[in-house]
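Asks: Below is a structure I'd like to ask you about.
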Amino acid sequence: MNLNCGIIGLPLVGKTTIFNLLTGSAAETSKYLSGRAGANTGAAKIPDGRVDYLRDLYKPRKTTYAQMFFSDIPGLARGAGQNGGSLNQFLEAVRDADLLVHVVRAFQNPEVPHVDGEINPRRDLDTVNAELLLADMELVEKRIERIKSGKKIKKEQEEELLVLEKCLLALEGEMTVGSLVLTDEERRFLKNYSFFTVKPMILVVNTDEEQFESGRYPFREDLVSYAAQRGFPVLEICGRLEMEISQLPLADRKVFLSELGVEQPGIERLARTAYEHLGLISFFTVGEDELRAWTIRKGTQAKKAAGKVHSDMERGFIRAEVVKFRDLEELGSMARVREKGLFRLEGKEYVVEDGDIINFRFNV
């Protein structure tokens with residue numbers, strides 16, 4: 001599956017710096033371009049030590065890592081709702097995202113003044129989230145009005161009204177639709193709505209080097225508490241410094257990251273957090289031609305996972321030959337795995353686990 005992540009936030013908080021860090025791009029970060037209308041887009045290869053191990057072991061002609069796709073959405077200025085054009089552009093860009101990466105600014109930089117004059121990441125978070133809440137509120141209010149203005153309200157519409165009014169009450173209380181506890185029946189009425197506030201979100205705090213090393217910045221406790229209450233993971237990244245490090249030779253990168261106290265670069269931390277937050281896992285296929293990492297949702301059965309590789313594999317599925325990565329890594333060869341009886345044949349209902357190495361047998 002292709003995971004599309006929208007990077008959102010106010011202007012001049014470092015969204016494009018984070019985008020460059022994640023994708024290895026060189027998009028212009030000049031403060032004078034903060035009024036741009038279009039989004040920067042790019043793909044990020046997800047580093048995975050398991051893929052590196054399998055590549056060194058099998059030496060395939062091609063190695064394909066899992067990918068995440070990022071859109072660096074232009075900053076949403078305060079009061080954008082009064083300027084329908086810029087708000088609509090922002091919302092349309094957000095609509096296509098599977099995951100929102102919300103960047104807030106903690107760093108100080110006199111050369112790039114904050115759009116509101118002072119650093120307050122909690123306020124910045126509220127400013128952008130308010131536009132998402134208002135957009136959903138408008139959608140719900142219009143639908144409620146449409147149902148109530150009809151000549152006759154059907155029983156199913158009455159039930160839908162109850163759910164919509166529940167959503168409206170939450171939104172008016174500055175709670176997201178995604179935070180509502182709903183029954184399966186209630187969710188059925190909302191399945192055709194494209195709510196902004198149901199989209200999963202990761203909060204990225206863009207710090208300076210001193211803040212990153214000390215773990216202290218303005219309003220940190222308030223921000224972390226807010227995110228915890230709403231189930232948003234929080235990542236603290238020194239975007240500018242880590243972007244500069246990412247442009248160094250690989251050996252030098254590890255040295256500089258180690259000096260920063262960072263075990264993994266930004267893309268690894270964000271990818272891991274995104275996978276956990278969205279309930280995603282990776283499995284691997286290995287051959288002479290290609291080694292490839294595939295992204296699927298937790299709980300996916302073998303036959304469905306085969307369809308991820310090729311539709312013919314799902315249609316003509318016979319069985320899955322499965323080896324756990326941890327077993328192969330521990331024993332060092334597929335021959336040893338077989339000797340230990342850890343090479344398994346699984347049927348179509350087998351639930352694929354993270355790190356499975358799978359060869360699908362099929363016939364069409």
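Letters for chains follow the order of the structure tokens (A, B, ...), residue numbers begin at 1 for each chain, and ligand numbers begin at 1 in the order shown.
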Which stretch 211-295 of chain A residues have any atom within 8 Å of an atom of stretch 22-30 of chain A, and for each, what is the nearest pair of atoms with distance in Å to one decimal, counting only C-alpha atoms, rows sorted by chain and number, as CSV?
Replies:
```
residue,atom,partner,partner_atom,distance
A:Ser246,CA,A:Gly24,CA,7.6
A:Gln247,CA,A:Gly24,CA,7.9
A:Gly266,CA,A:Leu22,CA,6.7
A:Ile267,CA,A:Leu22,CA,5.1
```
Asks: List the neighbours of A:Glu314 out to 10 Å using only C-alpha atoms; skip same-chain residues closer than 3 positions along the sequence, and give me the result as a PyMOL selection string.
Replies: chain A and resi 302-311+317-318+348+360-364
Asks: Take the residues just selected and output them with C-alpha atoms as a PDB file, in the first residue's frame.
Replies:
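Dumped everything to selection-v7.pdb:
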```
ATOM      1  CA  ALA A 302      -1.778 -14.774   3.500  1.00  0.00           C
ATOM      2  CA  LYS A 303      -4.036 -14.905   0.438  1.00  0.00           C
ATOM      3  CA  LYS A 304      -4.705 -11.165   0.639  1.00  0.00           C
ATOM      4  CA  ALA A 305      -1.004 -10.444   1.177  1.00  0.00           C
ATOM      5  CA  ALA A 306      -0.239 -12.476  -1.964  1.00  0.00           C
ATOM      6  CA  GLY A 307      -2.474 -10.091  -3.900  1.00  0.00           C
ATOM      7  CA  LYS A 308      -0.241  -7.258  -2.776  1.00  0.00           C
ATOM      8  CA  VAL A 309       2.593  -8.873  -4.757  1.00  0.00           C
ATOM      9  CA  HIS A 310       0.451  -9.790  -7.786  1.00  0.00           C
ATOM     10  CA  SER A 311      -3.266 -10.295  -8.392  1.00  0.00           C
ATOM     11  CA  PHE A 317      -3.192 -19.038  -4.177  1.00  0.00           C
ATOM     12  CA  ILE A 318      -2.072 -22.540  -3.085  1.00  0.00           C
ATOM     13  CA  LYS A 348      -4.737 -18.850   2.898  1.00  0.00           C
ATOM     14  CA  PHE A 360       3.797 -17.662  -2.433  1.00  0.00           C
ATOM     15  CA  ARG A 361       2.892 -20.792  -4.368  1.00  0.00           C
ATOM     16  CA  PHE A 362       0.056 -20.258  -6.847  1.00  0.00           C
ATOM     17  CA  ASN A 363      -1.477 -21.653 -10.035  1.00  0.00           C
ATOM     18  CA  VAL A 364      -3.611 -19.786 -12.582  1.00  0.00           C
TER      19      VAL A 364
END
```
Asks: Just the residues within 8 Å of A:Glu141, please, counting only C-alpha atoms, with nothing from its chain fewer than 4 positions along; format it as a list of chain:residue names.
Replies: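 Listed by chain and then number, they are A:Met137, A:Glu145, A:Leu168.
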Asks: Just N, CA and C atoms for this one: save the residues we selected as a tab-separated table (two decimals), in the first residue's frame.
Replies:
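Dumped to part_2.tsv:
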```tsv
chain	number	residue	atom	x	y	z
A	137	MET	N	-17.19	20.72	10.95
A	137	MET	CA	-18.42	21.26	11.52
A	137	MET	C	-19.35	21.76	10.41
A	145	GLU	N	-28.90	20.09	8.06
A	145	GLU	CA	-29.88	21.01	7.48
A	145	GLU	C	-30.58	20.38	6.29
A	168	LEU	N	-21.52	16.75	15.85
A	168	LEU	CA	-21.53	18.21	15.96
A	168	LEU	C	-21.24	18.66	17.38
```
Asks: If DSSP is run on the backbone, what residues of stretch 118-264 of chain A are helix (DSSP H, G or I)? A reply as a PyMOL selection string would be ideal.
Replies: chain A and resi 121-148+155-172+177-179+184-190+196-198+209-214+220-230+239-246+250-260
Asks: Keeping only C-alpha atoms, write those residues as an mmCIF file, in the first residue's frame.
Replies:
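Generated file (out.cif):
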```
data_model
loop_
_atom_site.group_PDB
_atom_site.id
_atom_site.type_symbol
_atom_site.label_atom_id
_atom_site.label_comp_id
_atom_site.auth_asym_id
_atom_site.auth_seq_id
_atom_site.Cartn_x
_atom_site.Cartn_y
_atom_site.Cartn_z
ATOM 1 C CA PRO A 121 3.780 25.456 19.793
ATOM 2 C CA ARG A 122 0.530 24.682 21.622
ATOM 3 C CA ARG A 123 -1.122 27.807 20.194
ATOM 4 C CA ASP A 124 0.162 26.938 16.713
ATOM 5 C CA LEU A 125 -1.296 23.452 17.004
ATOM 6 C CA ASP A 126 -4.677 24.885 17.994
ATOM 7 C CA THR A 127 -4.631 27.384 15.104
ATOM 8 C CA VAL A 128 -4.328 24.711 12.407
ATOM 9 C CA ASN A 129 -6.541 22.158 14.149
ATOM 10 C CA ALA A 130 -9.274 24.791 14.485
ATOM 11 C CA GLU A 131 -9.546 25.015 10.687
ATOM 12 C CA LEU A 132 -9.910 21.232 10.424
ATOM 13 C CA LEU A 133 -12.588 21.256 13.144
ATOM 14 C CA LEU A 134 -14.473 24.095 11.460
ATOM 15 C CA ALA A 135 -14.373 22.352 8.070
ATOM 16 C CA ASP A 136 -15.879 19.202 9.593
ATOM 17 C CA MET A 137 -18.425 21.256 11.521
ATOM 18 C CA GLU A 138 -19.562 22.946 8.313
ATOM 19 C CA LEU A 139 -19.918 19.568 6.597
ATOM 20 C CA VAL A 140 -22.021 18.161 9.453
ATOM 21 C CA GLU A 141 -24.216 21.262 9.745
ATOM 22 C CA LYS A 142 -24.992 21.233 6.014
ATOM 23 C CA ARG A 143 -25.968 17.575 6.101
ATOM 24 C CA ILE A 144 -28.169 18.075 9.173
ATOM 25 C CA GLU A 145 -29.880 21.012 7.477
ATOM 26 C CA ARG A 146 -30.393 19.010 4.284
ATOM 27 C CA ILE A 147 -32.072 16.143 6.166
ATOM 28 C CA LYS A 148 -34.278 18.416 8.259
ATOM 29 C CA LYS A 155 -36.276 6.219 9.712
ATOM 30 C CA GLU A 156 -32.706 5.712 8.519
ATOM 31 C CA GLN A 157 -32.264 9.474 8.187
ATOM 32 C CA GLU A 158 -33.504 9.913 11.767
ATOM 33 C CA GLU A 159 -30.803 7.497 12.913
ATOM 34 C CA GLU A 160 -28.204 9.328 10.813
ATOM 35 C CA LEU A 161 -29.308 12.624 12.376
ATOM 36 C CA LEU A 162 -28.614 11.274 15.861
ATOM 37 C CA VAL A 163 -25.069 10.323 14.847
ATOM 38 C CA LEU A 164 -24.458 13.655 13.092
ATOM 39 C CA GLU A 165 -25.698 15.608 16.105
ATOM 40 C CA LYS A 166 -23.326 13.566 18.265
ATOM 41 C CA CYS A 167 -20.484 14.565 15.921
ATOM 42 C CA LEU A 168 -21.530 18.209 15.957
ATOM 43 C CA LEU A 169 -21.598 18.301 19.748
ATOM 44 C CA ALA A 170 -18.037 16.907 19.855
ATOM 45 C CA LEU A 171 -16.766 19.379 17.253
ATOM 46 C CA GLU A 172 -18.348 22.308 19.092
ATOM 47 C CA VAL A 177 -14.745 13.093 15.129
ATOM 48 C CA GLY A 178 -11.994 10.485 15.397
ATOM 49 C CA SER A 179 -12.050 10.713 19.198
ATOM 50 C CA ASP A 184 -20.312 -0.176 14.345
ATOM 51 C CA GLU A 185 -23.870 0.806 13.408
ATOM 52 C CA GLU A 186 -23.147 4.485 14.071
ATOM 53 C CA ARG A 187 -19.947 4.315 12.044
ATOM 54 C CA ARG A 188 -21.935 2.886 9.142
ATOM 55 C CA PHE A 189 -23.744 6.211 8.794
ATOM 56 C CA LEU A 190 -20.439 8.093 8.555
ATOM 57 C CA PHE A 196 -10.588 15.817 8.331
ATOM 58 C CA THR A 197 -10.539 15.173 12.070
ATOM 59 C CA VAL A 198 -10.609 11.391 11.727
ATOM 60 C CA GLU A 209 20.066 21.904 18.773
ATOM 61 C CA GLU A 210 20.134 23.126 22.379
ATOM 62 C CA GLN A 211 16.441 22.315 22.895
ATOM 63 C CA PHE A 212 16.874 18.881 21.350
ATOM 64 C CA GLU A 213 19.831 17.987 23.572
ATOM 65 C CA SER A 214 18.183 19.304 26.770
ATOM 66 C CA ARG A 220 6.535 21.200 26.200
ATOM 67 C CA GLU A 221 4.501 19.759 29.100
ATOM 68 C CA ASP A 222 1.279 21.318 27.817
ATOM 69 C CA LEU A 223 1.908 20.035 24.295
ATOM 70 C CA VAL A 224 2.755 16.480 25.376
ATOM 71 C CA SER A 225 -0.314 16.350 27.651
ATOM 72 C CA TYR A 226 -2.584 17.618 24.868
ATOM 73 C CA ALA A 227 -1.240 15.046 22.409
ATOM 74 C CA ALA A 228 -1.538 12.181 24.912
ATOM 75 C CA GLN A 229 -5.202 12.989 25.583
ATOM 76 C CA ARG A 230 -5.941 12.780 21.862
ATOM 77 C CA GLY A 239 15.122 19.469 11.639
ATOM 78 C CA ARG A 240 17.740 21.881 10.350
ATOM 79 C CA LEU A 241 20.710 20.090 11.901
ATOM 80 C CA GLU A 242 19.487 16.621 11.019
ATOM 81 C CA MET A 243 18.846 17.694 7.415
ATOM 82 C CA GLU A 244 22.439 18.933 7.180
ATOM 83 C CA ILE A 245 23.691 15.638 8.654
ATOM 84 C CA SER A 246 21.592 13.652 6.150
ATOM 85 C CA LEU A 250 26.930 7.661 5.390
ATOM 86 C CA ALA A 251 29.851 6.980 7.763
ATOM 87 C CA ASP A 252 29.942 10.631 8.887
ATOM 88 C CA ARG A 253 26.171 10.686 9.415
ATOM 89 C CA LYS A 254 26.373 7.978 12.058
ATOM 90 C CA VAL A 255 29.086 9.846 13.937
ATOM 91 C CA PHE A 256 27.175 13.139 14.010
ATOM 92 C CA LEU A 257 23.869 11.470 14.940
ATOM 93 C CA SER A 258 25.629 9.631 17.750
ATOM 94 C CA GLU A 259 27.005 12.918 19.064
ATOM 95 C CA LEU A 260 23.441 14.251 19.063
#
```
Asks: Select from stretch 290-351 of chain A everything DSSP, run on the backbone, classes as strand (DSSP E or B), then give the selection as a PyMOL selection string.
Replies: chain A and resi 290-297+301+317-324+344-346+351
Asks: Please provide as a PDB file with C-alpha atoms, in the first residue's frame all residues within 9 Å of A:Lys62, with the sequence filter that same-chain residues fewer than 6 positions apart are discarded (counting only C-alpha atoms).
Replies:
```
ATOM      1  CA  ARG A  55      20.379  -7.933   0.669  1.00  0.00           C
ATOM      2  CA  GLU A 288      17.539 -13.621  -7.491  1.00  0.00           C
ATOM      3  CA  ASP A 289      15.905 -10.738  -9.345  1.00  0.00           C
ATOM      4  CA  GLU A 290      14.544  -8.729  -6.455  1.00  0.00           C
ATOM      5  CA  LEU A 291      14.337  -8.406  -2.692  1.00  0.00           C
ATOM      6  CA  ARG A 292      11.325  -6.336  -1.709  1.00  0.00           C
TER       7      ARG A 292
END
```
Asks: Quote the spacing between atom CA of A:Val13 and atom CA of A:Pro110 in Å to one decimal place.
Replies: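 It comes out at 12.9 Å.
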Asks: When distances are computed from only C-alpha atoms, which of A:Lys15, A:Arg272, A:Lys59, A:Arg326 shows the smallest separation from A:Pro47?
Replies: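 When distances to A:Pro47 are compared using only C-alpha atoms, the smallest one comes from A:Arg272.
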